[in-house]
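A.B. asks: Okay, so here is start.txt, and as you'll see once you scroll down, it has compact mmCIF, C-alpha atoms.
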```txt
# COMPACT_ATOMS: atom_id res chain seq x y z
CA MET A 47 11.66 -31.68 -8.91
CA ARG A 48 12.91 -29.21 -11.54
CA ASN A 49 10.11 -26.80 -10.58
CA LYS A 50 11.19 -27.01 -6.94
CA ARG A 51 14.82 -26.28 -7.89
CA ARG A 52 13.72 -23.38 -10.10
CA SER A 53 11.61 -21.98 -7.25
CA ALA A 54 14.54 -22.34 -4.85
CA ARG A 55 16.85 -20.50 -7.28
CA ALA A 56 14.31 -17.70 -7.66
CA THR A 57 13.99 -17.43 -3.90
CA ARG A 58 17.78 -17.29 -3.45
CA ARG A 59 18.09 -14.65 -6.17
CA ALA A 60 15.41 -12.51 -4.50
CA ALA A 61 17.06 -12.99 -1.12
CA ALA A 62 20.41 -11.87 -2.52
CA VAL A 63 18.84 -8.73 -3.94
CA LEU A 64 17.07 -8.04 -0.66
CA ALA A 65 20.31 -8.51 1.29
CA ALA A 66 21.72 -5.48 -0.50
CA PHE A 67 18.47 -3.51 -0.12
CA VAL A 68 20.19 -0.16 -0.66
CA ALA A 69 18.17 2.86 -1.70
CA MET A 70 19.31 3.91 -5.15
CA SER A 71 20.87 7.33 -5.57
CA SER A 72 17.86 8.64 -7.50
CA SER A 73 15.53 7.84 -4.61
CA ALA A 74 15.06 10.04 -1.59
CA ALA A 75 12.84 11.12 1.22
CA ALA A 76 10.40 13.82 0.28
CA PRO A 77 11.47 17.33 1.23
CA ALA A 78 10.57 18.28 4.79
CA ARG A 79 7.19 19.95 4.85
CA ALA A 80 5.27 21.75 7.53
CA ALA A 81 2.11 20.26 8.99
CA THR A 82 -1.13 21.23 7.35
CA GLY A 83 -4.36 21.61 9.30
CA SER A 84 -5.22 17.94 8.76
CA VAL A 85 -1.88 16.07 8.81
CA GLU A 86 1.64 16.18 10.22
CA TYR A 87 4.24 15.01 7.70
CA LEU A 88 6.82 12.58 9.10
CA PRO A 89 10.30 11.71 7.78
CA ALA A 90 10.52 8.65 5.53
CA THR A 91 12.92 7.14 3.02
CA PRO A 92 11.96 4.67 0.28
CA VAL A 93 13.76 1.37 -0.15
CA VAL A 94 14.38 0.49 -3.81
CA VAL A 95 15.47 -2.87 -5.22
CA ALA A 96 17.25 -2.98 -8.57
CA PRO A 97 16.12 -5.45 -11.26
CA ALA A 98 17.02 -9.06 -10.42
CA GLY A 99 16.56 -10.67 -13.83
CA GLU A 100 14.83 -10.39 -17.16
CA ALA A 101 11.63 -8.38 -17.46
CA VAL A 102 8.35 -10.28 -17.63
CA GLY A 103 6.19 -9.18 -20.55
CA THR A 104 2.80 -7.57 -19.88
CA ALA A 105 0.38 -5.19 -21.53
CA ALA A 106 2.09 -1.79 -21.70
CA GLU A 107 -0.71 0.14 -19.97
CA ARG A 108 -1.72 -2.48 -17.37
CA PHE A 109 -1.82 -1.20 -13.76
CA TRP A 110 -3.25 -3.51 -11.10
CA GLU A 111 -3.62 -2.53 -7.44
CA LEU A 112 -3.91 -5.16 -4.68
CA GLN A 113 -5.23 -4.05 -1.28
CA LEU A 114 -4.41 -6.29 1.70
CA ASN A 115 -5.11 -6.00 5.43
CA LEU A 116 -3.03 -8.81 6.95
CA CYS A 117 -3.85 -8.56 10.68
CA ASN A 118 -0.30 -9.43 11.70
CA SER A 119 0.27 -7.32 14.82
CA GLY A 120 0.03 -10.35 17.10
CA ILE A 121 -2.56 -8.51 19.21
CA ALA A 122 -5.87 -8.59 17.32
CA GLY A 123 -8.13 -11.63 17.45
CA CYS A 124 -7.71 -12.18 13.70
CA TYR A 125 -3.96 -12.83 14.14
CA SER A 126 -2.93 -16.18 12.70
CA GLN A 127 0.62 -16.72 14.04
CA GLY A 128 2.11 -14.87 11.08
CA ARG A 129 0.65 -17.16 8.42
CA ALA A 130 -1.11 -14.25 6.66
CA ILE A 131 2.23 -12.92 5.41
CA PRO A 132 3.42 -15.91 3.32
CA GLU A 133 -0.18 -16.34 2.15
CA ALA A 134 -0.13 -12.74 0.90
CA ALA A 135 3.29 -13.25 -0.69
CA ASN A 136 1.91 -16.21 -2.62
CA LEU A 137 -1.00 -14.07 -3.83
CA ILE A 138 1.40 -11.34 -4.98
CA ARG A 139 3.38 -13.88 -7.00
CA GLN A 140 0.14 -15.27 -8.46
CA VAL A 141 -1.58 -11.97 -9.34
CA ARG A 142 1.51 -9.86 -10.19
CA PRO A 143 0.03 -6.48 -9.16
CA ASN A 144 1.80 -3.27 -10.07
CA LEU A 145 1.01 -1.80 -6.65
CA VAL A 146 0.25 -3.38 -3.27
CA THR A 147 -1.22 -1.38 -0.39
CA LEU A 148 -0.76 -3.08 2.98
CA ASN A 149 -2.31 -2.62 6.41
CA GLU A 150 -1.59 -4.19 9.81
CA ILE A 151 1.86 -5.51 9.00
CA CYS A 152 5.15 -5.55 10.88
CA SER A 153 8.11 -3.76 9.32
CA GLY A 154 10.07 -7.01 9.01
CA ASP A 155 7.32 -8.59 6.89
CA LEU A 156 8.48 -6.47 3.96
CA PRO A 157 12.08 -7.72 3.51
CA ALA A 158 11.22 -11.22 4.75
CA HIS A 159 8.31 -12.02 2.43
CA LEU A 160 6.37 -9.25 0.70
CA VAL A 161 9.08 -7.39 -1.22
CA PRO A 162 10.80 -10.64 -2.35
CA ALA A 163 7.42 -11.78 -3.69
CA MET A 164 7.16 -8.58 -5.74
CA VAL A 165 10.75 -9.05 -6.96
CA GLN A 166 9.89 -12.58 -8.05
CA ALA A 167 6.73 -11.35 -9.79
CA TRP A 168 8.65 -8.60 -11.64
CA PRO A 169 12.28 -9.80 -11.85
CA GLY A 170 13.33 -7.38 -14.58
CA ASP A 171 11.81 -4.27 -13.01
CA VAL A 172 12.55 -1.90 -10.16
CA VAL A 173 10.64 -2.68 -6.94
CA TYR A 174 10.21 -0.18 -4.10
CA GLN A 175 8.61 -0.01 -0.67
CA VAL A 176 7.61 2.74 1.74
CA PHE A 177 6.55 1.86 5.31
CA ALA A 178 4.80 4.14 7.82
CA PRO A 179 4.35 2.96 11.41
CA ALA A 180 1.28 3.85 13.41
CA VAL A 181 2.19 6.24 16.23
CA ARG A 182 1.51 5.89 19.97
CA ARG A 183 -0.44 8.78 21.44
CA ASP A 184 1.26 8.50 24.85
CA THR A 185 4.90 8.46 23.68
CA GLY A 186 4.92 9.63 20.05
CA THR A 187 6.91 6.51 19.15
CA PRO A 188 5.94 3.74 16.70
CA VAL A 189 3.32 1.20 17.70
CA LYS A 190 4.96 -2.22 18.01
CA CYS A 191 3.94 -5.69 16.92
CA THR A 192 4.29 -8.34 19.61
CA ASN A 193 7.59 -9.40 17.98
CA GLY A 194 9.04 -5.95 18.68
CA GLN A 195 8.95 -4.67 15.10
CA ASP A 196 7.18 -1.46 14.08
CA TYR A 197 3.52 -1.92 13.13
CA GLY A 198 1.78 -0.03 10.35
CA ASN A 199 1.06 0.46 6.64
CA ALA A 200 3.14 0.12 3.50
CA VAL A 201 3.15 0.66 -0.24
CA VAL A 202 5.05 -1.84 -2.38
CA GLY A 203 5.25 -1.17 -6.11
CA ARG A 204 7.12 -1.81 -9.32
CA VAL A 205 8.31 0.41 -12.14
CA ALA A 206 9.55 -0.85 -15.49
CA ALA A 207 13.33 -0.52 -15.41
CA ALA A 208 13.27 1.68 -18.52
CA ASN A 209 10.86 4.10 -16.82
CA HIS A 210 12.58 4.30 -13.43
CA ARG A 211 13.52 7.89 -12.50
CA GLY A 212 13.59 7.56 -8.73
CA VAL A 213 11.11 7.10 -5.89
CA LYS A 214 10.14 9.63 -3.22
CA ALA A 215 8.50 8.77 0.10
CA TRP A 216 5.80 10.73 1.87
CA THR A 217 4.37 9.65 5.23
CA GLY A 218 2.40 11.36 7.94
CA ARG A 219 0.04 11.28 10.89
CA TYR A 220 -3.51 12.58 10.75
CA THR A 221 -4.40 15.48 13.04
CA SER A 222 -7.88 14.04 13.61
CA GLN A 223 -7.63 10.93 15.79
CA ASP A 224 -9.97 8.89 17.97
CA SER A 225 -9.36 8.52 21.73
CA GLY A 226 -7.31 5.33 21.42
CA ASN A 227 -3.54 5.09 21.81
CA GLU A 228 -2.92 4.03 18.20
CA GLN A 229 -2.73 7.11 15.98
CA ARG A 230 -3.40 6.47 12.30
CA THR A 231 -0.94 7.26 9.54
CA PHE A 232 -0.45 7.04 5.77
CA ALA A 233 2.37 5.98 3.46
CA CYS A 234 2.78 7.36 -0.07
CA ALA A 235 5.37 6.63 -2.74
CA TYR A 236 5.88 8.73 -5.84
CA ALA A 237 7.59 6.75 -8.59
CA VAL A 238 8.81 9.79 -10.46
CA GLY A 239 6.91 10.37 -13.67
CA ASP A 240 5.12 7.01 -13.44
CA HIS A 241 2.58 6.94 -10.58
CA LEU A 242 1.71 7.99 -7.04
CA GLY A 243 0.52 5.25 -4.68
CA CYS A 244 -0.71 5.64 -1.10
CA ALA A 245 -1.80 3.23 1.65
CA THR A 246 -3.70 3.97 4.84
CA HIS A 247 -5.66 2.33 7.66
CA LEU A 248 -8.26 4.62 9.24
CA SER A 249 -9.89 4.80 12.67
CA ALA A 250 -11.79 1.65 13.67
CA SER A 251 -13.67 3.18 16.59
CA SER A 252 -15.11 6.38 15.11
CA GLU A 253 -16.59 6.68 11.64
CA PRO A 254 -16.60 10.52 11.78
CA VAL A 255 -12.87 10.43 12.56
CA ALA A 256 -12.25 7.84 9.82
CA LEU A 257 -14.03 10.08 7.32
CA ALA A 258 -12.02 13.12 8.43
CA GLN A 259 -8.79 11.11 7.99
CA CYS A 260 -9.91 9.87 4.59
CA ARG A 261 -10.64 13.40 3.42
CA ALA A 262 -7.31 14.61 4.82
CA LEU A 263 -5.48 12.08 2.68
CA LEU A 264 -7.45 12.50 -0.52
CA PHE A 265 -8.33 16.21 -0.38
CA ASP A 266 -5.13 17.52 1.29
CA VAL A 267 -2.17 15.13 1.12
CA VAL A 268 -2.59 13.87 -2.44
CA PRO A 269 -2.97 17.38 -3.90
CA ASP A 270 -0.03 18.55 -1.77
CA ILE A 271 2.22 15.79 -3.15
CA ARG A 272 1.07 16.42 -6.70
CA SER A 273 1.77 20.13 -6.35
CA ALA A 274 5.22 19.56 -4.86
CA GLU A 275 6.15 16.99 -7.50
CA GLY A 276 4.53 18.62 -10.51
CA LEU A 277 2.28 15.60 -11.05
CA SER A 278 -1.15 15.48 -12.64
CA GLY A 279 -3.29 12.38 -12.11
CA LYS A 280 -1.59 8.94 -12.14
CA THR A 281 -2.74 8.37 -8.55
CA VAL A 282 -3.98 5.24 -6.74
CA VAL A 283 -4.88 5.13 -3.03
CA GLY A 284 -5.82 1.91 -1.25
CA GLY A 285 -6.62 0.92 2.28
CA ASP A 286 -8.89 -0.30 5.01
CA PHE A 287 -10.94 2.86 5.45
CA ASN A 288 -13.24 1.40 8.13
CA LEU A 289 -16.01 3.07 6.15
CA GLU A 290 -18.66 1.39 4.03
CA TYR A 291 -20.40 2.60 0.91
CA ASP A 292 -23.85 3.54 2.24
CA THR A 293 -25.71 6.48 0.75
CA SER A 294 -27.94 6.73 3.84
CA ASP A 295 -24.94 7.17 6.15
CA PRO A 296 -23.28 10.60 6.57
CA GLU A 297 -19.99 8.68 6.94
CA ASN A 298 -20.37 7.16 3.49
CA ALA A 299 -17.02 6.16 1.98
CA GLN A 300 -18.01 8.00 -1.18
CA ASN A 301 -17.89 11.27 0.76
CA CYS A 302 -14.08 11.21 0.76
CA VAL A 303 -13.73 10.80 -3.01
CA PRO A 304 -12.58 14.05 -4.64
CA PRO A 305 -13.84 15.23 -8.02
CA GLY A 306 -11.90 13.59 -10.81
CA HIS A 307 -11.50 10.33 -8.89
CA VAL A 308 -13.26 6.95 -8.80
CA ARG A 309 -13.75 4.58 -5.84
CA LYS A 310 -14.04 0.81 -6.02
CA GLY A 311 -14.88 -0.98 -2.77
CA ASP A 312 -14.95 -4.62 -1.75
CA GLY A 313 -18.50 -4.40 -0.36
CA ASP A 314 -17.10 -3.92 3.14
CA VAL A 315 -14.44 -1.47 4.39
CA GLN A 316 -11.58 -1.83 1.91
CA HIS A 317 -11.47 0.68 -0.91
CA VAL A 318 -9.28 1.77 -3.80
CA VAL A 319 -9.59 5.36 -5.05
CA PHE A 320 -7.89 6.36 -8.29
CA SER A 321 -7.62 9.43 -10.50
CA ASN A 322 -9.89 9.13 -13.50
CA ASP A 323 -7.07 9.33 -16.02
CA ASN A 324 -6.68 5.66 -15.07
CA ALA A 325 -9.23 3.53 -16.91
CA PHE A 326 -11.18 1.01 -14.86
CA VAL A 327 -11.08 -2.58 -16.15
CA GLY A 328 -12.49 -4.78 -13.37
CA THR A 329 -12.15 -6.15 -9.85
CA SER A 330 -11.44 -9.50 -8.21
CA LYS A 331 -11.81 -10.65 -4.62
CA TYR A 332 -9.51 -13.31 -3.14
CA GLY A 333 -10.54 -15.16 0.00
CA LEU A 334 -7.65 -15.46 2.45
CA ALA A 335 -7.50 -18.08 5.18
CA HIS A 336 -5.22 -16.27 7.64
CA THR A 337 -6.69 -12.77 7.90
CA ASP A 338 -10.21 -11.42 8.37
CA HIS A 339 -10.15 -9.40 5.12
CA ASP A 340 -10.24 -10.54 1.51
CA GLY A 341 -7.56 -9.56 -0.93
CA TRP A 342 -9.08 -6.81 -3.10
CA LEU A 343 -7.69 -6.39 -6.61
CA VAL A 344 -8.62 -3.42 -8.81
CA ARG A 345 -7.50 -3.74 -12.42
CA LEU A 346 -6.76 -0.49 -14.26
CA THR A 347 -4.92 0.77 -17.27
CA LYS A 348 -2.90 3.92 -16.75
CA PRO A 349 -2.04 6.78 -19.09
```
Can you present the structure in this file as structure tokens?

C.D. replies:
Amino acid sequence: MRNKRRSARATRRAAAVLAAFVAMSSSAAAPARAATGSVEYLPATPVVVAPAGEAVGTAAERFWELQLNLCNSGIAGCYSQGRAIPEAANLIRQVRPNLVTLNEICSGDLPAHLVPAMVQAWPGDVVYQVFAPAVRRDTGTPVKCTNGQDYGNAVVGRVAAANHRGVKAWTGRYTSQDSGNEQRTFACAYAVGDHLGCATHLSASSEPVALAQCRALLFDVVPDIRSAEGLSGKTVVGGDFNLEYDTSDPENAQNCVPPGHVRKGDGDVQHVVFSNDNAFVGTSKYGLAHTDHDGWLVRLTKP
């Protein structure tokens, strides 16, 4: 019974923090930038949550990235009446990743479940989120979940309170798209001085397009952000690339990994790519009952 009361108190504390949910003054949208040949940058603002309690001790250099595709649009056959979201929140509390990259979620899933889970995992630290909706080809407006919320990708991360110097958001739409109405996008968050994290979900109907999108993110967007922010390394990109690692295939996922970076895949279409100043430690796969993708954890230590 005490554990239940403690859990309830933690939930209420996280909810109170989320109710405020005000971007801190040191956090801002990235400066407006012109489209490159491969992407169109879109406006975005990060949401930052101040520490809600005492910091939880961990190894100083630990940096774990959890990639999740939660199939929560309400449209796809893998949809499970929203049960994938609390299941993912439970995994976040269990694993305590530093960074979570999310695909196929609704915008309301973040304040309702996913960000509070990160706050509960890291109560003494700063937690942030950046969401990027997919874009409709026919109207240029966000793709919607069946509940009416925007549908897309997000990055949720934490920064030790002592290291927090602000968070900047970068989102955009790829120029290369398949013929479908859903146009693919990316979400990136730069936790100033600490790390750059990006999430994306690439074309499901054309591997050549998916590869072009992947290369746009890793060869164009990431260097562009680093240049604008004066950052070297400290980068982690996760997502459902809809590409497999297959050396006999011209659309091999490895073909969108820039020099100086390492890719770790789940044996299917989810991948995490990181700058090689991060040291690889190991991986873990978590079977999930309410989505058609495993949770994919890549354990790193960062400089």

A.B. asks: Residues near His336 of chain A, anyone? I mean within 10 Å using all atoms listed in the file, not counting same-chain ones fewer than 2 positions away, as an NGL selection string.

C.D. replies: :A and (116-118 or 124-134 or 333-334 or 338-340)

A.B. asks: For a test of reading the model, state the distance in Å between atom CA of Leu346 of chain A and atom CA of Gly203 of chain A, rounded to one decimal.

C.D. replies: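 Separation of atom CA of Leu346 of chain A and atom CA of Gly203 of chain A: 14.5 Å.
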
A.B. asks: Would you kindly return, as a ChimeraX atom specification, each protein, DNA or RNA residue with an atom no farther than 7 Å from any atom of Asn115 of chain A, considering only C-alpha atoms and excluding same-chain residues fewer than 5 positions away?

C.D. replies: /A:148-150,286,339

A.B. asks: Need to verify the contact set: Ser153 of chain A, 9 Å, all atoms listed in the file, exclusion of same-chain residues closer than 3 positions in sequence. Can you return it as a PyMOL selection string?

C.D. replies: chain A and resi 156-157+177-179+191+195-200

A.B. asks: Just how far from atom CA of Gly83 of chain A is atom CA of Phe232 of chain A, in Å to one decimal?

C.D. replies: 15.5 Å

A.B. asks: Ranking A:Val283, A:Ile271, A:Ala96, A:Leu264 by minimum distance to Pro305 of chain A and counting only C-alpha atoms, which one comes first?

C.D. replies: A:Leu264
